[in-house]
>>> print(open('entry_16.pdb').read())   # PDB, C-alpha atoms
ATOM      1  CA  ALA A   1     -12.637   9.335 -15.526
ATOM      2  CA  SER A   2      -9.985   7.102 -17.037
ATOM      3  CA  LEU A   3      -6.526   6.615 -15.594
ATOM      4  CA  LYS A   4      -5.179   6.222 -19.172
ATOM      5  CA  GLY A   5      -2.285   4.027 -18.060
ATOM      6  CA  LYS A   6      -1.189   6.314 -15.228
ATOM      7  CA  PRO A   7      -0.067   4.514 -12.058
ATOM      8  CA  LEU A   8      -2.330   4.554  -9.010
ATOM      9  CA  ARG A   9      -0.893   5.045  -5.525
ATOM     10  CA  LEU A  10      -2.957   3.696  -2.642
ATOM     11  CA  LEU A  11      -2.644   5.543   0.649
ATOM     12  CA  SER A  12      -4.254   2.725   2.619
ATOM     13  CA  CYS A  13      -2.531   0.767   5.377
ATOM     14  CA  ASN A  14      -1.234  -2.713   4.529
ATOM     15  CA  THR A  15      -2.871  -2.841   1.073
ATOM     16  CA  GLY A  16       0.459  -3.922  -0.439
ATOM     17  CA  SER A  17       1.256  -6.588   2.146
ATOM     18  CA  ASP A  18      -0.380  -9.501   0.293
ATOM     19  CA  PRO A  19       1.030 -10.266  -3.170
ATOM     20  CA  MET A  20      -2.337 -11.789  -4.165
ATOM     21  CA  GLY A  21      -4.511  -9.231  -2.329
ATOM     22  CA  PHE A  22      -6.311  -5.936  -2.714
ATOM     23  CA  ALA A  23      -3.667  -3.917  -4.570
ATOM     24  CA  GLN A  24      -3.094  -6.705  -7.104
ATOM     25  CA  ASN A  25      -6.836  -7.035  -7.661
ATOM     26  CA  ILE A  26      -7.142  -3.275  -8.298
ATOM     27  CA  SER A  27      -4.207  -3.412 -10.724
ATOM     28  CA  ASN A  28      -5.829  -6.269 -12.622
ATOM     29  CA  LYS A  29      -9.285  -4.680 -12.716
ATOM     30  CA  LEU A  30      -8.083  -1.219 -13.801
ATOM     31  CA  GLY A  31      -5.215  -2.422 -15.996
ATOM     32  CA  VAL A  32      -2.694  -0.031 -14.433
ATOM     33  CA  LYS A  33       0.366  -0.201 -12.171
ATOM     34  CA  VAL A  34      -0.558   0.183  -8.480
ATOM     35  CA  LEU A  35       1.762   1.239  -5.646
ATOM     36  CA  ALA A  36       0.612   0.233  -2.154
ATOM     37  CA  PRO A  37       2.168   0.288   1.339
ATOM     38  CA  ASN A  38       3.179  -3.062   2.825
ATOM     39  CA  LYS A  39       2.837  -1.863   6.438
ATOM     40  CA  ILE A  40       0.948   0.924   8.214
ATOM     41  CA  LEU A  41       0.939   4.296   6.474
ATOM     42  CA  TRP A  42       1.605   7.029   9.059
ATOM     43  CA  CYS A  43       0.544  10.552   8.051
ATOM     44  CA  TRP A  44       1.423  13.877   9.636
ATOM     45  CA  PRO A  45      -0.677  17.095   9.609
ATOM     46  CA  ASP A  46       1.663  18.676   7.033
ATOM     47  CA  GLY A  47       0.813  15.882   4.553
ATOM     48  CA  SER A  48       4.102  14.012   4.862
ATOM     49  CA  HIS A  49       3.924  10.274   5.389
ATOM     50  CA  PHE A  50       6.022   7.142   5.844
ATOM     51  CA  ILE A  51       5.459   3.425   6.194
ATOM     52  CA  ALA A  52       6.294   1.398   9.317
ATOM     53  CA  SER A  53       4.830  -1.160  11.701
ATOM     54  CA  ARG A  54       3.328  -0.218  15.067
ATOM     55  CA  SER A  55       5.492   0.284  18.147
ATOM     56  CA  LYS A  56       5.392  -2.711  20.469
ATOM     57  CA  THR A  57       5.209  -0.452  23.525
ATOM     58  CA  ASN A  58       2.598   2.012  22.170
ATOM     59  CA  LYS A  59       0.433   0.836  19.291
ATOM     60  CA  ASN A  60      -0.541   4.442  18.499
ATOM     61  CA  LYS A  61       3.051   5.223  17.511
ATOM     62  CA  PRO A  62       5.256   3.918  14.696
ATOM     63  CA  ASN A  63       8.177   1.553  15.111
ATOM     64  CA  PHE A  64      10.891   3.586  13.375
ATOM     65  CA  SER A  65      13.212   0.568  13.225
ATOM     66  CA  ASP A  66      10.706  -1.512  11.202
ATOM     67  CA  ARG A  67      10.090   0.594   8.116
ATOM     68  CA  GLY A  68       8.033  -0.531   5.158
ATOM     69  CA  GLU A  69       7.763   0.576   1.557
ATOM     70  CA  PHE A  70       5.451   1.046  -1.382
ATOM     71  CA  VAL A  71       5.189  -2.221  -3.317
ATOM     72  CA  GLU A  72       4.530  -2.180  -7.066
ATOM     73  CA  PHE A  73       1.758  -4.321  -8.586
ATOM     74  CA  VAL A  74       1.263  -4.770 -12.329
ATOM     75  CA  PRO A  75      -1.792  -5.988 -14.247
ATOM     76  CA  GLY A  76      -1.980  -9.750 -14.643
ATOM     77  CA  GLY A  77      -0.041 -10.602 -11.484
ATOM     78  CA  ASN A  78      -2.941 -12.481  -9.932
ATOM     79  CA  VAL A  79      -4.750 -14.341 -12.695
ATOM     80  CA  LYS A  80      -7.494 -15.705 -10.432
ATOM     81  CA  TRP A  81      -9.090 -12.217 -10.401
ATOM     82  CA  LYS A  82      -8.827 -11.626 -14.141
ATOM     83  CA  LYS A  83     -11.913 -12.077 -16.309
TER
END
>>> encode(input="entry_16.pdb", output="structure tokens")
Amino acid sequence: ASLKGKPLRLLSCNTGSDPMGFAQNISNKLGVKVLAPNKILWCWPDGSHFIASRSKTNKNKPNFSDRGEFVEFVPGGNVKWKK
């Protein structure tokens, strides 16, 4: 199935943390905009989610004071992966 120019949102922890990494490579390969979280993606049973680092006192819980975000990647941002 083709994405036909539709953006792709990755729900994978830290995949948007490296400007030359996984999300940029996917954007280049598929030729579409990719949105990826730059920290850990925390998901709740009701389907809601947010992005934050781990708590320093309990690594199984989020650090609510260190929130992250979805980072946007566009095709051609990392030319070393382009063919």
>>> residues_around(input="entry_16.pdb", residues="Val71 (chain A)", least_positions_apart="3", cutoff="9 Å", atoms="all atoms listed in the file", output="mmCIF file with C-alpha atoms, keeping the file's coordinate frame")
data_model
loop_
_atom_site.group_PDB
_atom_site.id
_atom_site.type_symbol
_atom_site.label_atom_id
_atom_site.label_comp_id
_atom_site.auth_asym_id
_atom_site.auth_seq_id
_atom_site.Cartn_x
_atom_site.Cartn_y
_atom_site.Cartn_z
ATOM 1 C CA GLY A 16 0.459 -3.922 -0.439
ATOM 2 C CA SER A 17 1.256 -6.588 2.146
ATOM 3 C CA VAL A 34 -0.558 0.183 -8.480
ATOM 4 C CA LEU A 35 1.762 1.239 -5.646
ATOM 5 C CA ALA A 36 0.612 0.233 -2.154
ATOM 6 C CA PRO A 37 2.168 0.288 1.339
ATOM 7 C CA ASN A 38 3.179 -3.062 2.825
#
>>> closest_residue(input="entry_16.pdb", among="A:Pro75, A:Val32, A:Ala23, A:Asp46", to="Leu11 (chain A)", atoms="all atoms listed in the file")
A:Ala23
>>> resolve_selection(input="entry_16.pdb", expression="the PyMOL selection byres ((chain A and resi 50) around 12)", output="MDAnalysis selection string")
chainID A and resid 11:13 36:44 47:49 51:53 62:64 66:70
>>> closest_residue(input="entry_16.pdb", among="A:Pro19, A:Ile26, A:Lys33, A:Lys4", to="Val74 (chain A)", atoms="only C-alpha atoms")
A:Lys33
>>> atom_distance(input="entry_16.pdb", atom1="CA of Gln24 (chain A)", atom2="CA of Gly77 (chain A)")
6.6 Å
>>> atom_distance(input="entry_16.pdb", atom1="CA of Met20 (chain A)", atom2="CA of Phe73 (chain A)")
9.6 Å
>>> atom_distance(input="entry_16.pdb", atom1="CA of Pro45 (chain A)", atom2="CA of Thr57 (chain A)")
23.2 Å
>>> resolve_selection(input="entry_16.pdb", expression="the PyMOL selection byres ((chain A and resi 5) around 10)", output="ChimeraX atom specification")
/A:2-4,6-8,30-33
>>> build_atoms(input="entry_16.pdb", residues="region 29-40 of chain A", atoms="all heavy atoms", output="PDB file, keeping the file's coordinate frame")
ATOM      1  N   LYS A  29      -7.986  -5.208 -12.294  1.00  0.00           N
ATOM      2  CA  LYS A  29      -9.285  -4.680 -12.716  1.00  0.00           C
ATOM      3  C   LYS A  29      -9.156  -3.395 -13.528  1.00  0.00           C
ATOM      4  O   LYS A  29      -9.880  -3.192 -14.498  1.00  0.00           O
ATOM      5  CB  LYS A  29     -10.177  -4.415 -11.504  1.00  0.00           C
ATOM      6  CG  LYS A  29     -10.523  -5.633 -10.711  1.00  0.00           C
ATOM      7  CD  LYS A  29     -11.606  -6.444 -11.359  1.00  0.00           C
ATOM      8  CE  LYS A  29     -11.982  -7.592 -10.445  1.00  0.00           C
ATOM      9  NZ  LYS A  29     -12.988  -8.452 -10.983  1.00  0.00           N
ATOM     10  N   LEU A  30      -8.232  -2.510 -13.121  1.00  0.00           N
ATOM     11  CA  LEU A  30      -8.083  -1.219 -13.801  1.00  0.00           C
ATOM     12  C   LEU A  30      -7.060  -1.264 -14.933  1.00  0.00           C
ATOM     13  O   LEU A  30      -6.994  -0.345 -15.748  1.00  0.00           O
ATOM     14  CB  LEU A  30      -7.697  -0.126 -12.797  1.00  0.00           C
ATOM     15  CG  LEU A  30      -8.719   0.160 -11.701  1.00  0.00           C
ATOM     16  CD1 LEU A  30      -8.175   1.231 -10.764  1.00  0.00           C
ATOM     17  CD2 LEU A  30     -10.057   0.576 -12.289  1.00  0.00           C
ATOM     18  N   GLY A  31      -6.228  -2.300 -14.950  1.00  0.00           N
ATOM     19  CA  GLY A  31      -5.215  -2.422 -15.996  1.00  0.00           C
ATOM     20  C   GLY A  31      -4.090  -1.418 -15.895  1.00  0.00           C
ATOM     21  O   GLY A  31      -3.505  -1.011 -16.899  1.00  0.00           O
ATOM     22  N   VAL A  32      -3.767  -1.004 -14.655  1.00  0.00           N
ATOM     23  CA  VAL A  32      -2.694  -0.031 -14.433  1.00  0.00           C
ATOM     24  C   VAL A  32      -1.774  -0.510 -13.315  1.00  0.00           C
ATOM     25  O   VAL A  32      -2.143  -1.359 -12.504  1.00  0.00           O
ATOM     26  CB  VAL A  32      -3.240   1.378 -14.072  1.00  0.00           C
ATOM     27  CG1 VAL A  32      -4.060   1.947 -15.207  1.00  0.00           C
ATOM     28  CG2 VAL A  32      -4.031   1.350 -12.782  1.00  0.00           C
ATOM     29  N   LYS A  33      -0.565   0.063 -13.261  1.00  0.00           N
ATOM     30  CA  LYS A  33       0.366  -0.201 -12.171  1.00  0.00           C
ATOM     31  C   LYS A  33      -0.201   0.417 -10.889  1.00  0.00           C
ATOM     32  O   LYS A  33      -0.750   1.516 -10.912  1.00  0.00           O
ATOM     33  CB  LYS A  33       1.710   0.431 -12.494  1.00  0.00           C
ATOM     34  CG  LYS A  33       2.791   0.164 -11.479  1.00  0.00           C
ATOM     35  CD  LYS A  33       4.061   0.950 -11.746  1.00  0.00           C
ATOM     36  CE  LYS A  33       4.583   0.739 -13.143  1.00  0.00           C
ATOM     37  NZ  LYS A  33       5.822   1.498 -13.384  1.00  0.00           N
ATOM     38  N   VAL A  34      -0.086  -0.302  -9.778  1.00  0.00           N
ATOM     39  CA  VAL A  34      -0.558   0.183  -8.480  1.00  0.00           C
ATOM     40  C   VAL A  34       0.600   0.125  -7.495  1.00  0.00           C
ATOM     41  O   VAL A  34       1.331  -0.864  -7.442  1.00  0.00           O
ATOM     42  CB  VAL A  34      -1.743  -0.675  -7.962  1.00  0.00           C
ATOM     43  CG1 VAL A  34      -2.105  -0.309  -6.531  1.00  0.00           C
ATOM     44  CG2 VAL A  34      -2.958  -0.524  -8.876  1.00  0.00           C
ATOM     45  N   LEU A  35       0.778   1.189  -6.729  1.00  0.00           N
ATOM     46  CA  LEU A  35       1.762   1.239  -5.646  1.00  0.00           C
ATOM     47  C   LEU A  35       0.991   1.243  -4.337  1.00  0.00           C
ATOM     48  O   LEU A  35       0.066   2.044  -4.168  1.00  0.00           O
ATOM     49  CB  LEU A  35       2.620   2.489  -5.756  1.00  0.00           C
ATOM     50  CG  LEU A  35       3.399   2.630  -7.059  1.00  0.00           C
ATOM     51  CD1 LEU A  35       4.048   3.996  -7.143  1.00  0.00           C
ATOM     52  CD2 LEU A  35       4.446   1.541  -7.163  1.00  0.00           C
ATOM     53  N   ALA A  36       1.350   0.351  -3.408  1.00  0.00           N
ATOM     54  CA  ALA A  36       0.612   0.233  -2.154  1.00  0.00           C
ATOM     55  C   ALA A  36       1.566  -0.055  -0.996  1.00  0.00           C
ATOM     56  O   ALA A  36       2.538  -0.798  -1.159  1.00  0.00           O
ATOM     57  CB  ALA A  36      -0.417  -0.884  -2.274  1.00  0.00           C
ATOM     58  N   PRO A  37       1.292   0.509   0.192  1.00  0.00           N
ATOM     59  CA  PRO A  37       2.168   0.288   1.339  1.00  0.00           C
ATOM     60  C   PRO A  37       2.039  -1.124   1.900  1.00  0.00           C
ATOM     61  O   PRO A  37       0.942  -1.664   2.001  1.00  0.00           O
ATOM     62  CB  PRO A  37       1.689   1.326   2.362  1.00  0.00           C
ATOM     63  CG  PRO A  37       0.286   1.627   1.982  1.00  0.00           C
ATOM     64  CD  PRO A  37       0.184   1.417   0.508  1.00  0.00           C
ATOM     65  N   ASN A  38       3.182  -1.701   2.294  1.00  0.00           N
ATOM     66  CA  ASN A  38       3.179  -3.062   2.825  1.00  0.00           C
ATOM     67  C   ASN A  38       3.094  -3.112   4.353  1.00  0.00           C
ATOM     68  O   ASN A  38       3.080  -4.178   4.939  1.00  0.00           O
ATOM     69  CB  ASN A  38       4.396  -3.842   2.336  1.00  0.00           C
ATOM     70  CG  ASN A  38       5.707  -3.260   2.789  1.00  0.00           C
ATOM     71  OD1 ASN A  38       5.751  -2.177   3.384  1.00  0.00           O
ATOM     72  ND2 ASN A  38       6.791  -3.947   2.502  1.00  0.00           N
ATOM     73  N   LYS A  39       3.042  -1.959   4.983  1.00  0.00           N
ATOM     74  CA  LYS A  39       2.837  -1.863   6.438  1.00  0.00           C
ATOM     75  C   LYS A  39       1.889  -0.690   6.680  1.00  0.00           C
ATOM     76  O   LYS A  39       1.224  -0.234   5.759  1.00  0.00           O
ATOM     77  CB  LYS A  39       4.163  -1.656   7.166  1.00  0.00           C
ATOM     78  CG  LYS A  39       5.103  -2.847   7.023  1.00  0.00           C
ATOM     79  CD  LYS A  39       6.374  -2.678   7.813  1.00  0.00           C
ATOM     80  CE  LYS A  39       7.308  -3.817   7.440  1.00  0.00           C
ATOM     81  NZ  LYS A  39       7.556  -4.727   8.507  1.00  0.00           N
ATOM     82  N   ILE A  40       1.848  -0.182   7.881  1.00  0.00           N
ATOM     83  CA  ILE A  40       0.948   0.924   8.214  1.00  0.00           C
ATOM     84  C   ILE A  40       1.480   2.228   7.627  1.00  0.00           C
ATOM     85  O   ILE A  40       2.669   2.520   7.720  1.00  0.00           O
ATOM     86  CB  ILE A  40       0.780   1.045   9.738  1.00  0.00           C
ATOM     87  CG1 ILE A  40       0.095  -0.228  10.256  1.00  0.00           C
ATOM     88  CG2 ILE A  40      -0.021   2.279  10.111  1.00  0.00           C
ATOM     89  CD1 ILE A  40       0.060  -0.341  11.742  1.00  0.00           C
TER      90      ILE A  40
END
